[in-house]
$ cat entry_7.tsv   # TSV, C-alpha atoms and all ligand atoms
chain	number	residue	atom	x	y	z
A	617	MET	CA	0.00	0.00	0.00
A	618	SER	CA	2.86	2.40	0.48
A	619	GLU	CA	3.79	2.66	-3.22
A	620	PRO	CA	0.61	4.42	-4.36
A	621	ILE	CA	0.89	6.92	-1.49
A	622	ARG	CA	4.58	7.54	-2.16
A	623	PHE	CA	3.78	8.04	-5.83
A	624	LEU	CA	0.95	10.53	-5.20
A	625	ASN	CA	3.04	12.51	-2.71
A	626	ALA	CA	5.87	12.69	-5.23
A	627	LEU	CA	3.39	13.65	-7.96
A	628	GLY	CA	2.11	16.48	-5.76
A	629	GLN	CA	5.65	17.67	-5.12
A	630	ALA	CA	6.39	17.63	-8.84
A	631	LEU	CA	3.24	19.67	-9.53
A	632	SER	CA	4.20	22.14	-6.78
A	633	ALA	CA	7.70	22.47	-8.22
A	634	MET	CA	6.25	23.06	-11.67
A	635	THR	CA	4.07	25.89	-10.38
A	636	LEU	CA	7.16	27.53	-8.85
A	637	TYR	CA	9.85	26.97	-11.42
A	638	GLU	CA	10.32	26.74	-15.15
A	639	GLU	CA	9.99	23.15	-16.27
A	640	ARG	CA	13.70	23.02	-17.20
A	641	HIS	CA	14.79	24.28	-13.78
A	642	PRO	CA	16.91	21.64	-11.96
A	643	ALA	CA	14.56	21.64	-8.93
A	644	CYS	CA	11.67	20.90	-11.20
A	645	GLN	CA	13.51	18.18	-13.08
A	646	ARG	CA	14.56	16.58	-9.78
A	647	ALA	CA	10.98	16.50	-8.51
A	648	LEU	CA	9.88	15.03	-11.84
A	649	ASP	CA	12.62	12.36	-11.66
A	650	VAL	CA	11.54	11.34	-8.19
A	651	ALA	CA	7.85	11.16	-9.13
A	652	TYR	CA	8.65	9.24	-12.30
A	653	GLN	CA	10.77	6.76	-10.35
A	654	GLU	CA	7.91	6.27	-7.88
A	655	LEU	CA	5.60	5.53	-10.79
A	656	VAL	CA	8.03	2.98	-12.21
A	657	ASP	CA	8.23	1.30	-8.79
A	658	LEU	CA	4.47	1.29	-8.46
A	659	GLN	CA	4.00	-0.16	-11.94
A	660	SER	CA	6.49	-2.93	-11.23
A	661	ARG	CA	3.94	-4.22	-8.73
A	662	ASP	CA	0.76	-2.98	-10.36
A	663	PRO	CA	1.20	-2.44	-14.10
A	664	GLN	CA	-2.18	-0.68	-14.49
A	665	PRO	CA	-2.73	1.54	-11.47
A	666	VAL	CA	-5.92	3.58	-11.37
A	667	PHE	CA	-6.57	6.55	-9.09
A	668	THR	CA	-9.86	8.34	-8.48
A	669	PHE	CA	-10.02	11.83	-6.97
A	670	LEU	CA	-13.38	12.82	-5.53
A	671	GLY	CA	-13.04	15.98	-3.48
A	672	ASP	CA	-11.20	14.92	-0.34
A	673	GLU	CA	-11.47	11.24	-1.06
A	674	ILE	CA	-8.83	9.44	-3.05
A	675	LEU	CA	-9.21	5.89	-4.26
A	676	TYR	CA	-6.47	3.56	-5.45
A	677	GLY	CA	-8.41	1.01	-7.49
A	678	ASN	CA	-11.39	0.57	-5.19
A	679	ARG	CA	-9.51	1.22	-1.96
A	680	PRO	CA	-9.71	4.61	-0.26
A	681	LEU	CA	-6.29	6.06	0.59
A	682	ARG	CA	-7.18	7.52	3.96
A	683	GLU	CA	-3.61	8.54	4.68
A	684	LEU	CA	-4.01	11.14	1.94
A	685	LYS	CA	-7.16	12.74	3.37
A	686	SER	CA	-5.75	16.23	3.32
A	687	TRP	CA	-3.63	15.88	0.20
A	688	GLU	CA	-4.19	19.26	-1.43
A	689	TRP	CA	-3.81	18.05	-5.02
A	690	GLY	CA	-6.81	15.66	-4.90
A	691	PRO	CA	-9.50	18.37	-5.01
A	692	ARG	CA	-7.39	20.38	-7.47
A	693	LEU	CA	-7.09	17.50	-9.91
A	694	ALA	CA	-10.79	16.68	-9.55
A	695	GLY	CA	-11.68	20.33	-10.01
A	696	ALA	CA	-9.66	20.43	-13.20
A	697	GLY	CA	-11.59	17.53	-14.69
A	698	ILE	CA	-9.06	14.86	-13.72
A	699	GLN	CA	-11.17	12.68	-11.49
A	700	ARG	CA	-9.80	9.47	-12.74
A	701	LEU	CA	-6.21	8.79	-13.66
A	702	ALA	CA	-5.27	5.48	-15.19
A	703	PHE	CA	-1.95	4.15	-16.44
A	704	GLU	CA	-2.55	1.52	-19.08
A	705	HIS	CA	0.99	0.27	-19.43
A	706	ALA	CA	4.56	1.39	-18.85
A	707	VAL	CA	4.95	5.15	-19.20
A	708	ASN	CA	8.07	6.88	-20.47
A	709	ARG	CA	9.55	9.96	-18.85
A	710	ASP	CA	8.36	12.30	-21.62
A	711	GLU	CA	4.80	11.04	-21.48
A	712	PHE	CA	4.82	11.51	-17.73
A	713	GLU	CA	6.17	15.05	-17.91
A	714	GLY	CA	3.71	15.87	-20.69
A	715	PHE	CA	0.84	14.65	-18.55
A	716	LEU	CA	1.93	16.74	-15.55
A	717	ALA	CA	2.28	19.86	-17.68
A	718	ASP	CA	-1.16	19.25	-19.14
A	719	ALA	CA	-2.67	18.64	-15.70
A	720	LEU	CA	-1.13	21.84	-14.38
A	721	THR	CA	-2.48	23.82	-17.32
A	722	ARG	CA	-5.94	22.59	-16.44
A	723	ILE	CA	-5.52	23.25	-12.72
A	724	VAL	CA	-4.33	26.82	-13.08
A	725	GLY	CA	-6.68	27.43	-16.00
A	726	LEU	CA	-3.91	29.01	-18.02
A	727	SER	CA	-1.99	28.05	-21.05
A	728	VAL	CA	1.66	27.72	-20.08
A	729	SER	CA	4.28	27.48	-22.76
A	730	THR	CA	5.68	24.25	-21.38
A	731	ALA	CA	2.34	22.57	-21.72
A	732	GLU	CA	2.01	22.25	-25.45
A	733	ALA	CA	-0.13	19.33	-26.36
A	734	ARG	CA	2.39	16.62	-25.82
A	735	GLN	CA	-0.31	14.33	-24.62
A	736	THR	CA	-0.71	12.13	-27.65
A	737	ARG	CA	-3.44	9.67	-28.46
A	738	SER	CA	-0.99	6.85	-27.90
A	739	SER	CA	-0.08	7.95	-24.38
A	740	PRO	CA	-0.75	5.21	-21.83
A	741	ILE	CA	-1.96	7.86	-19.37
A	742	ARG	CA	-5.71	8.24	-19.44
A	743	PHE	CA	-7.66	10.76	-17.45
A	744	GLY	CA	-11.10	12.32	-17.34
A	745	MET	CA	-14.33	12.49	-15.43
A	746	VAL	CA	-15.80	9.58	-13.61
A	747	GLY	CA	-18.89	7.72	-14.81
A	748	LEU	CA	-21.25	8.61	-12.05
A	749	ARG	CA	-23.68	5.74	-12.00
A	750	GLU	CA	-21.18	2.94	-12.35
A	751	GLU	CA	-20.42	0.80	-9.38
A	752	ARG	CA	-16.80	1.06	-10.26
A	753	PRO	CA	-15.56	4.33	-11.63
A	754	GLU	CA	-15.32	4.30	-15.41
A	755	VAL	CA	-13.92	6.97	-17.62
A	756	VAL	CA	-16.79	8.45	-19.61
A	757	ALA	CA	-14.89	11.14	-21.39
A	758	GLU	CA	-11.30	11.70	-22.23
A	759	ALA	CA	-10.02	15.10	-21.33
A	760	PRO	CA	-11.08	17.12	-24.36
A	761	PRO	CA	-8.49	18.17	-26.91
A	762	PRO	CA	-8.81	21.89	-27.76
A	763	ASP	CA	-10.80	21.35	-30.95
A	764	MET	CA	-13.28	18.94	-29.43
A	765	THR	CA	-16.90	19.59	-30.18
A	766	LEU	CA	-18.43	20.25	-26.84
A	767	SER	CA	-21.24	18.13	-25.65
A	768	LEU	CA	-22.74	18.16	-22.21
A	769	SER	CA	-24.89	15.07	-22.69
A	770	ALA	CA	-23.20	13.19	-19.87
A	771	GLU	CA	-23.65	16.16	-17.56
A	772	ALA	CA	-27.30	16.55	-18.60
A	773	ASP	CA	-27.85	12.84	-17.92
A	774	THR	CA	-26.31	13.23	-14.49
A	775	VAL	CA	-28.44	16.24	-13.63
A	776	ARG	CA	-31.56	14.37	-14.76
A	777	TRP	CA	-30.50	11.53	-12.49
A	778	LEU	CA	-29.79	13.99	-9.64
A	779	HIS	CA	-33.29	15.39	-9.92
A	780	ASP	CA	-34.70	11.84	-9.89
A	781	GLU	CA	-32.69	11.01	-6.79
A	782	VAL	CA	-33.99	14.09	-5.03
A	783	SER	CA	-37.61	13.50	-5.98
A	784	THR	CA	-37.72	9.75	-5.35
A	785	ARG	CA	-35.26	9.24	-2.51
A	786	MET	CA	-34.94	12.77	-1.15
A	787	ALA	CA	-31.19	12.28	-1.33
A	788	LEU	CA	-28.85	14.96	-2.58
A	789	PRO	CA	-25.78	13.42	-4.22
A	790	LEU	CA	-23.23	16.12	-3.56
A	791	ALA	CA	-20.15	14.44	-5.03
A	792	GLU	CA	-21.94	13.98	-8.35
A	793	ALA	CA	-23.16	17.58	-8.35
A	794	GLU	CA	-19.63	18.79	-7.69
A	795	ALA	CA	-18.36	16.56	-10.48
A	796	VAL	CA	-20.87	18.10	-12.90
A	797	VAL	CA	-19.84	21.60	-11.89
A	798	ALA	CA	-16.14	20.72	-12.21
A	799	SER	CA	-16.84	19.38	-15.65
A	800	LEU	CA	-18.75	22.55	-16.63
A	801	GLY	CA	-15.75	24.52	-15.39
A	802	VAL	CA	-13.48	22.48	-17.64
A	803	ALA	CA	-15.83	23.01	-20.60
A	804	MET	CA	-15.75	26.78	-19.94
A	805	HIS	CA	-11.97	26.77	-19.97
A	806	GLY	CA	-11.79	24.23	-22.74
A	807	GLU	CA	-9.85	26.52	-24.99
A	808	GLN	CA	-7.36	29.18	-24.14
A	809	ARG	CA	-10.24	31.54	-23.59
A	810	ILE	CA	-13.50	31.39	-21.75
A	811	LEU	CA	-16.44	29.73	-23.46
A	812	LEU	CA	-20.05	29.82	-22.42
A	813	PRO	CA	-21.31	26.32	-23.10
A	814	LEU	CA	-25.07	26.79	-22.91
A	815	LEU	CA	-27.66	24.17	-23.61
A	816	GLN	CA	-30.59	24.78	-25.90
A	817	LEU	CA	-33.94	23.48	-24.93
A	818	LYS	CA	-35.55	21.01	-27.31
A	819	ASP	CA	-38.24	19.63	-25.14
A	820	PHE	CA	-40.17	21.30	-22.32
A	821	ASP	CA	-39.62	18.26	-20.14
A	822	GLN	CA	-35.93	18.99	-20.23
A	823	TYR	CA	-36.32	22.53	-18.95
A	824	THR	CA	-35.37	21.69	-15.38
A	825	THR	CA	-32.15	20.00	-16.47
A	826	THR	CA	-31.20	22.50	-19.15
A	827	HIS	CA	-31.97	25.46	-16.94
A	828	ALA	CA	-30.01	24.06	-13.96
A	829	LEU	CA	-26.92	23.52	-16.12
A	830	ASN	CA	-27.16	26.90	-17.83
A	831	VAL	CA	-27.63	28.80	-14.58
A	832	SER	CA	-24.65	26.92	-13.15
A	833	VAL	CA	-22.43	27.82	-16.13
A	834	LEU	CA	-23.58	31.46	-16.19
A	835	THR	CA	-23.13	31.86	-12.43
A	836	MET	CA	-19.60	30.44	-12.55
A	837	ALA	CA	-18.74	32.64	-15.50
A	838	LEU	CA	-20.14	35.73	-13.78
A	839	ALA	CA	-18.39	34.88	-10.52
A	840	GLU	CA	-15.09	34.66	-12.39
A	841	TYR	CA	-15.90	37.82	-14.30
A	842	VAL	CA	-16.41	39.80	-11.09
A	843	GLY	CA	-13.17	38.47	-9.65
A	844	CYS	CA	-14.15	35.54	-7.42
A	845	THR	CA	-11.56	32.82	-6.91
A	846	ALA	CA	-11.93	29.47	-8.69
A	847	PRO	CA	-13.13	27.61	-5.56
A	848	GLU	CA	-15.69	30.36	-4.88
A	849	ALA	CA	-16.85	30.24	-8.48
A	850	ARG	CA	-17.31	26.47	-8.21
A	851	ALA	CA	-19.26	26.77	-4.95
A	852	PHE	CA	-21.49	29.36	-6.65
A	853	GLY	CA	-21.81	26.96	-9.60
A	854	VAL	CA	-23.11	24.24	-7.27
A	855	ALA	CA	-25.57	26.75	-5.80
A	856	GLY	CA	-26.65	27.63	-9.35
A	857	LEU	CA	-27.12	23.96	-10.18
A	858	PHE	CA	-29.41	23.48	-7.15
A	859	HIS	CA	-31.22	26.84	-7.10
A	860	ASP	CA	-34.53	25.38	-8.35
A	861	ILE	CA	-34.18	21.95	-6.75
A	862	GLY	CA	-37.41	22.60	-4.83
A	863	LYS	CA	-39.24	22.30	-8.17
A	864	VAL	CA	-38.89	18.52	-8.09
A	865	LYS	CA	-41.89	18.63	-5.74
A	866	ILE	CA	-44.10	20.60	-8.13
A	867	PRO	CA	-46.51	18.57	-10.30
A	868	LYS	CA	-45.60	18.64	-14.02
A	869	GLU	CA	-49.01	20.11	-14.97
A	870	VAL	CA	-48.32	23.15	-12.83
A	871	LEU	CA	-44.67	23.40	-13.81
A	872	ASN	CA	-45.33	23.39	-17.55
A	873	LYS	CA	-48.77	24.99	-17.56
A	874	ALA	CA	-49.34	27.12	-20.64
A	875	GLY	CA	-52.02	29.38	-19.18
A	876	LYS	CA	-52.11	31.66	-16.20
A	877	LEU	CA	-51.59	29.99	-12.85
A	878	THR	CA	-54.38	30.02	-10.28
A	879	PRO	CA	-53.47	31.63	-6.94
A	880	GLU	CA	-53.07	28.15	-5.40
A	881	GLU	CA	-50.80	27.04	-8.24
A	882	ARG	CA	-48.81	30.25	-7.90
A	883	GLN	CA	-48.38	29.50	-4.22
A	884	ILE	CA	-47.12	25.97	-4.98
A	885	MET	CA	-44.77	27.38	-7.59
A	886	ASN	CA	-43.34	30.10	-5.34
A	887	ASN	CA	-42.82	27.61	-2.57
A	888	HIS	CA	-39.99	25.95	-4.53
A	889	THR	CA	-37.64	28.40	-2.84
A	890	VAL	CA	-38.45	27.39	0.73
A	891	GLU	CA	-38.83	23.74	-0.27
A	892	GLY	CA	-35.47	23.76	-2.07
A	893	ALA	CA	-33.65	25.29	0.89
A	894	ARG	CA	-35.19	22.66	3.15
A	895	ILE	CA	-34.19	19.75	0.89
A	896	ILE	CA	-30.62	21.00	0.66
A	897	ILE	CA	-30.10	21.74	4.32
A	898	GLU	CA	-31.67	18.48	5.47
A	899	ASN	CA	-29.34	16.50	3.25
A	900	GLU	CA	-26.09	18.34	3.26
A	901	GLU	CA	-25.06	20.78	5.95
A	902	ASP	CA	-21.98	21.66	3.93
A	903	LEU	CA	-24.24	23.20	1.34
A	904	ASP	CA	-25.57	26.01	3.51
A	905	MET	CA	-24.70	28.56	0.84
A	906	ALA	CA	-26.64	26.62	-1.81
A	907	ALA	CA	-29.58	26.45	0.62
A	908	VAL	CA	-29.44	30.23	1.08
A	909	VAL	CA	-29.41	30.70	-2.70
A	910	ALA	CA	-32.37	28.35	-3.16
A	911	TYR	CA	-34.23	30.43	-0.58
A	912	GLU	CA	-33.23	33.87	-1.82
A	913	HIS	CA	-32.94	33.69	-5.61
A	914	HIS	CA	-36.35	35.26	-6.26
A	915	ILE	CA	-35.97	38.07	-3.73
A	916	MET	CA	-35.53	41.42	-5.41
A	917	LEU	CA	-33.11	44.08	-4.32
A	918	ASP	CA	-36.01	46.29	-3.19
A	919	GLY	CA	-37.50	43.47	-1.11
A	920	GLY	CA	-40.09	42.45	-3.72
A	921	GLY	CA	-40.37	38.95	-5.11
A	922	TYR	CA	-40.68	35.93	-2.85
A	923	PRO	CA	-40.51	34.62	-0.20
A	924	THR	CA	-41.18	37.79	1.77
A	925	LEU	CA	-38.55	38.49	4.38
A	926	LYS	CA	-39.94	39.53	7.74
A	927	PHE	CA	-36.98	41.83	8.24
A	928	ARG	CA	-35.42	43.42	5.19
A	929	ARG	CA	-31.81	42.41	4.79
A	930	ASP	CA	-29.27	42.14	2.06
A	931	CYS	CA	-29.21	38.84	0.18
A	932	HIS	CA	-26.05	36.75	-0.16
A	933	GLN	CA	-23.74	37.70	-3.03
A	934	ALA	CA	-24.28	34.23	-4.55
A	935	SER	CA	-28.07	34.74	-4.52
A	936	LYS	CA	-27.68	38.04	-6.35
A	937	LEU	CA	-25.47	36.44	-9.01
A	938	VAL	CA	-27.83	33.48	-9.43
A	939	HIS	CA	-30.85	35.80	-9.58
A	940	VAL	CA	-29.52	37.65	-12.63
A	941	CYS	CA	-28.35	34.46	-14.38
A	942	ASP	CA	-31.66	32.76	-13.60
A	943	VAL	CA	-33.75	35.53	-15.16
A	944	TYR	CA	-31.45	35.72	-18.18
A	945	ASP	CA	-31.66	32.00	-18.92
A	946	ALA	CA	-35.42	31.84	-18.27
A	947	LEU	CA	-36.16	34.73	-20.65
A	948	ARG	CA	-33.80	33.37	-23.33
A	949	THR	CA	-35.73	30.10	-23.42
A	950	ASN	CA	-39.02	29.19	-25.12
A	951	ARG	CA	-41.60	28.42	-22.48
A	952	PRO	CA	-45.11	27.02	-22.95
A	953	TYR	CA	-46.52	30.46	-22.08
A	954	ARG	CA	-43.97	32.68	-23.82
A	955	GLU	CA	-41.52	32.75	-26.73
A	956	ALA	CA	-37.83	33.17	-25.97
A	957	TRP	CA	-36.66	36.78	-25.97
A	958	PRO	CA	-33.71	37.86	-28.08
A	959	SER	CA	-30.55	38.42	-26.07
A	960	GLU	CA	-30.53	42.22	-26.49
A	961	LYS	CA	-34.08	42.50	-25.20
A	962	VAL	CA	-33.14	40.50	-22.10
A	963	LEU	CA	-30.05	42.62	-21.53
A	964	SER	CA	-32.08	45.85	-21.73
A	965	TYR	CA	-34.56	44.35	-19.29
A	966	LEU	CA	-31.76	43.56	-16.84
A	967	GLN	CA	-30.44	47.10	-17.15
A	968	GLU	CA	-33.88	48.58	-16.72
A	969	LYS	CA	-34.42	46.60	-13.51
A	970	ALA	CA	-30.92	47.23	-12.17
A	971	GLY	CA	-31.32	48.99	-8.85
A	972	THR	CA	-34.85	47.74	-8.15
A	973	GLU	CA	-34.94	44.03	-8.93
A	974	PHE	CA	-31.23	43.38	-9.44
A	975	ASP	CA	-28.12	44.54	-7.68
A	976	PRO	CA	-27.00	47.29	-10.10
A	977	GLU	CA	-23.31	46.41	-10.12
A	978	ILE	CA	-23.96	42.72	-10.65
A	979	ALA	CA	-26.52	43.39	-13.40
A	980	GLN	CA	-24.08	45.73	-15.18
A	981	SER	CA	-21.26	43.22	-14.90
A	982	PHE	CA	-23.52	40.51	-16.28
A	983	VAL	CA	-24.54	42.65	-19.26
A	984	ARG	CA	-20.89	43.48	-19.98
A	985	MET	CA	-19.90	39.84	-19.66
A	986	ILE	CA	-22.59	38.64	-22.06
A	987	ARG	CA	-21.72	41.34	-24.60
A	988	GLU	CA	-18.07	40.36	-24.35
A	989	TRP	CA	-18.51	36.63	-24.22
A	990	GLU	CA	-21.68	36.00	-26.16
A	991	PRO	CA	-19.76	35.62	-29.42
A	992	ARG	CA	-18.13	32.68	-27.66
A	993	ALA	CA	-21.32	31.13	-26.44
A	994	VAL	CA	-21.52	27.57	-27.66
A	995	ALA	CA	-25.07	26.45	-28.23
A	996	LEU	CA	-25.36	22.83	-27.27
A	997	GLU	CA	-28.20	20.44	-27.61
A	998	THR	CA	-28.89	17.61	-25.26
A	999	GLU	CA	-29.95	14.25	-26.53
A	1000	GLU	CA	-33.63	13.63	-27.01
A	1001	ALA	CA	-35.39	13.12	-23.72
A	1002	ARG	CA	-35.39	9.50	-22.82
A	1003	ALA	CA	-38.55	7.56	-22.35
A	1004	GLY	CA	-39.68	7.95	-18.75
A	1101	FE	FE	-36.49	29.60	-9.07
A	1102	FE	FE	-34.59	29.19	-11.99
$ encode --input "entry_7.tsv" --output "structure tokens" --more "lines below"
Ligand SMILES: [Fe+2]
Ligand SMILES: [Fe+2]
Amino acid sequence: MSEPIRFLNALGQALSAMTLYEERHPACQRALDVAYQELVDLQSRDPQPVFTFLGDEILYGNRPLRELKSWEWGPRLAGAGIQRLAFEHAVNRDEFEGFLADALTRIVGLSVSTAEARQTRSSPIRFGMVGLREERPEVVAEAPPPDMTLSLSAEADTVRWLHDEVSTRMALPLAEAEAVVASLGVAMHGEQRILLPLLQLKDFDQYTTTHALNVSVLTMALAEYVGCTAPEARAFGVAGLFHDIGKVKIPKEVLNKAGKLTPEERQIMNNHTVEGARIIIENEEDLDMAAVVAYEHHIMLDGGGYPTLKFRRDCHQASKLVHVCDVYDALRTNRPYREAWPSEKVLSYLQEKAGTEFDPEIAQSFVRMIREWEPRAVALETEEARAG
């Protein structure tokens, strides 16, 4: 058991050295030599080692490596879309160095000159996101090469499954939600510049899924745009993903009703905020921020909206970000009761309501971000809704 731990520690030291020094620097090369030697030793016992990084948890094959509980590179690798790392056969020194440079590029979200695409198709090092519903982790997607056509089908499937889990078992699978958000983050940084991978709605039944993913992407993008750190942006992304989770309790007829809602139906609809906060907090105390966002995302700056606060107070920054992104995505989408609005019309609406409904600075930043980044929005389509 000590080889995998020694290897991961050495790998972490090599990554640290590479963030501090040029790749050719002797300190860097030494750290790389040590890590490479550890890998060779490990592979002499286990020719095909597989590691899985899920937040704080690290698995070697199926065994958790508890000794590495606070290993700082686990969450970083997972956050950069490297949740599973598999070595298929013996690795040469160049392939290993190429992989580390590539991993580091993903982690820091920057293109560094040393990290040219040396990762070739024939490399025995495989990495990517974890298949979420498999008993044993399976790679579902290779880390995307820069020219890859984006598809978020796997993420959409996972969100659909998440919603099912919440509505049938009242369980909130946090690790899977974080994996989806990490993967959206990778898709956003898939090229050397930011992309806005947004899903287009094909079927009203898919609205909940599509909307959750889009609000998550937009919230992360906006968080980055206004200067939040990457971990903050990801936490906001999770909050964006769950903001409407309370809607799993609303009957489909009410949710997709074409006509005007009756006062009772309106009440059921509005209650998704309180209901969502309750579901989140009952399942996952670590998600208190997401619970706050679920509760607050329809509260306007001037106190309007719902639910009504007994005592006026400022909403959480994350709620204000999600609020703007939520309204933008909802208005940009065809609904049974309304056609989608063109982007410019939505942006003028946001500006008009800045200061009353929306936090003016956040609304302005959002409008600037969309104007700047909309040319890079990638319209994606999910697969047809599956039967059932
Ligand atoms: Fe909502
Ligand atoms: Fe929403």
$ closest_residue --input "entry_7.tsv" --among "A:Lys961, A:His932, A:Arg951, A:Lys863" --to "ligand FE 1101 (chain A)" --atoms "only C-alpha atoms and all ligand atoms"
A:Lys863
$ atom_distance --input "entry_7.tsv" --atom1 "atom CA of A:Arg776" --atom2 "atom CA of A:Ala798"
16.9 Å
$ residues_around --input "entry_7.tsv" --residues "stretch 914-923 of chain A" --least-positions-apart "4" --cutoff "6 Å" --atoms "only C-alpha atoms" --output "VMD selection string"
chain A and resid 972 to 974
$ residues_around --input "entry_7.tsv" --residues "stretch 651-668 of chain A" --least-positions-apart "2" --cutoff "10 Å" --atoms "only C-alpha atoms" --output "NGL selection string"
:A and (617-631 or 645-649 or 670-671 or 673-681 or 690 or 693-694 or 698-710 or 712-713 or 740-746 or 753-754)
$ atom_distance --input "entry_7.tsv" --atom1 "atom CA of A:Ile723" --atom2 "atom CA of A:Ile978"
26.9 Å
$ residues_near_ligand --input "entry_7.tsv" --ligand "ligand FE 1101 (chain A)" --cutoff "8 Å" --atoms "all atoms listed in the file" --output "number ranges by chain"
A: 859-860, 863, 886, 888-889, 910, 913-914, 942
$ residues_near_ligand --input "entry_7.tsv" --ligand "ligand FE 1102 (chain A)" --cutoff "9 Å" --atoms "all atoms listed in the file" --output "ChimeraX atom specification"
/A:824,827-828,831,856,859-861,913-914,938-939,941-943,945-946
$ atom_distance --input "entry_7.tsv" --atom1 "atom CA of A:Lys873" --atom2 "atom CA of A:Thr826"
17.8 Å
$ residues_around --input "entry_7.tsv" --residues "A:Ala787" --least-positions-apart "6" --cutoff "9 Å" --atoms "only C-alpha atoms" --output "number ranges by chain"
A: 778, 781, 895-896, 899
$ write_last_selection --input "entry_7.tsv" --atoms "C-alpha atoms" --output "PDB file, in the frame of the given file"
ATOM      1  CA  LEU A 778     -29.790  13.990  -9.640  1.00  0.00           C
ATOM      2  CA  GLU A 781     -32.690  11.010  -6.790  1.00  0.00           C
ATOM      3  CA  ILE A 895     -34.190  19.750   0.890  1.00  0.00           C
ATOM      4  CA  ILE A 896     -30.620  21.000   0.660  1.00  0.00           C
ATOM      5  CA  ASN A 899     -29.340  16.500   3.250  1.00  0.00           C
TER       6      ASN A 899
END
$ closest_residue --input "entry_7.tsv" --among "A:Arg894, A:Ala846, A:Gly875, A:Thr835" --to "A:Gly862" --atoms "all atoms listed in the file"
A:Arg894
$ residues_around --input "entry_7.tsv" --residues "A:Lys865" --least-positions-apart "4" --cutoff "10 Å" --atoms "all atoms listed in the file" --output "compact mmCIF listing (two decimals) with C-alpha atoms, in the coordinates of the input"
# COMPACT_ATOMS: atom_id res chain seq x y z
CA VAL A 782 -33.99 14.09 -5.03
CA SER A 783 -37.61 13.50 -5.98
CA THR A 784 -37.72 9.75 -5.35
CA ILE A 861 -34.18 21.95 -6.75
CA LEU A 871 -44.67 23.40 -13.81
CA ILE A 884 -47.12 25.97 -4.98
CA MET A 885 -44.77 27.38 -7.59
CA ASN A 887 -42.82 27.61 -2.57
CA HIS A 888 -39.99 25.95 -4.53
CA GLU A 891 -38.83 23.74 -0.27
CA GLY A 892 -35.47 23.76 -2.07
$ closest_residue --input "entry_7.tsv" --among "A:Leu790, A:Ala874, A:Ala970, A:Met985" --to "A:Met836" --atoms "all atoms listed in the file"
A:Met985
$ closest_residue --input "entry_7.tsv" --among "A:Tyr637, A:Trp689, A:Tyr823, A:Phe858" --to "A:Asn950" --atoms "only C-alpha atoms"
A:Tyr823
$ closest_residue --input "entry_7.tsv" --among "A:Val854, A:Leu812, A:Ala849, A:Val833" --to "A:Val909" --atoms "only C-alpha atoms"
A:Val854
$ closest_residue --input "entry_7.tsv" --among "A:Ala793, A:Val994, A:Leu963, A:Ala906" --to "A:Asp773" --atoms "only C-alpha atoms"
A:Ala793
$ decode --input "entry_7.tsv" --residues "stretch 880-903 of chain A" --atoms "C-alpha atoms" --output "compact mmCIF listing (two decimals), in the first residue's frame"
# COMPACT_ATOMS: atom_id res chain seq x y z
CA GLU A 880 -53.07 28.15 -5.40
CA GLU A 881 -50.80 27.04 -8.24
CA ARG A 882 -48.81 30.25 -7.90
CA GLN A 883 -48.38 29.50 -4.22
CA ILE A 884 -47.12 25.97 -4.98
CA MET A 885 -44.77 27.38 -7.59
CA ASN A 886 -43.34 30.10 -5.34
CA ASN A 887 -42.82 27.61 -2.57
CA HIS A 888 -39.99 25.95 -4.53
CA THR A 889 -37.64 28.40 -2.84
CA VAL A 890 -38.45 27.39 0.73
CA GLU A 891 -38.83 23.74 -0.27
CA GLY A 892 -35.47 23.76 -2.07
CA ALA A 893 -33.65 25.29 0.89
CA ARG A 894 -35.19 22.66 3.15
CA ILE A 895 -34.19 19.75 0.89
CA ILE A 896 -30.62 21.00 0.66
CA ILE A 897 -30.10 21.74 4.32
CA GLU A 898 -31.67 18.48 5.47
CA ASN A 899 -29.34 16.50 3.25
CA GLU A 900 -26.09 18.34 3.26
CA GLU A 901 -25.06 20.78 5.95
CA ASP A 902 -21.98 21.66 3.93
CA LEU A 903 -24.24 23.20 1.34
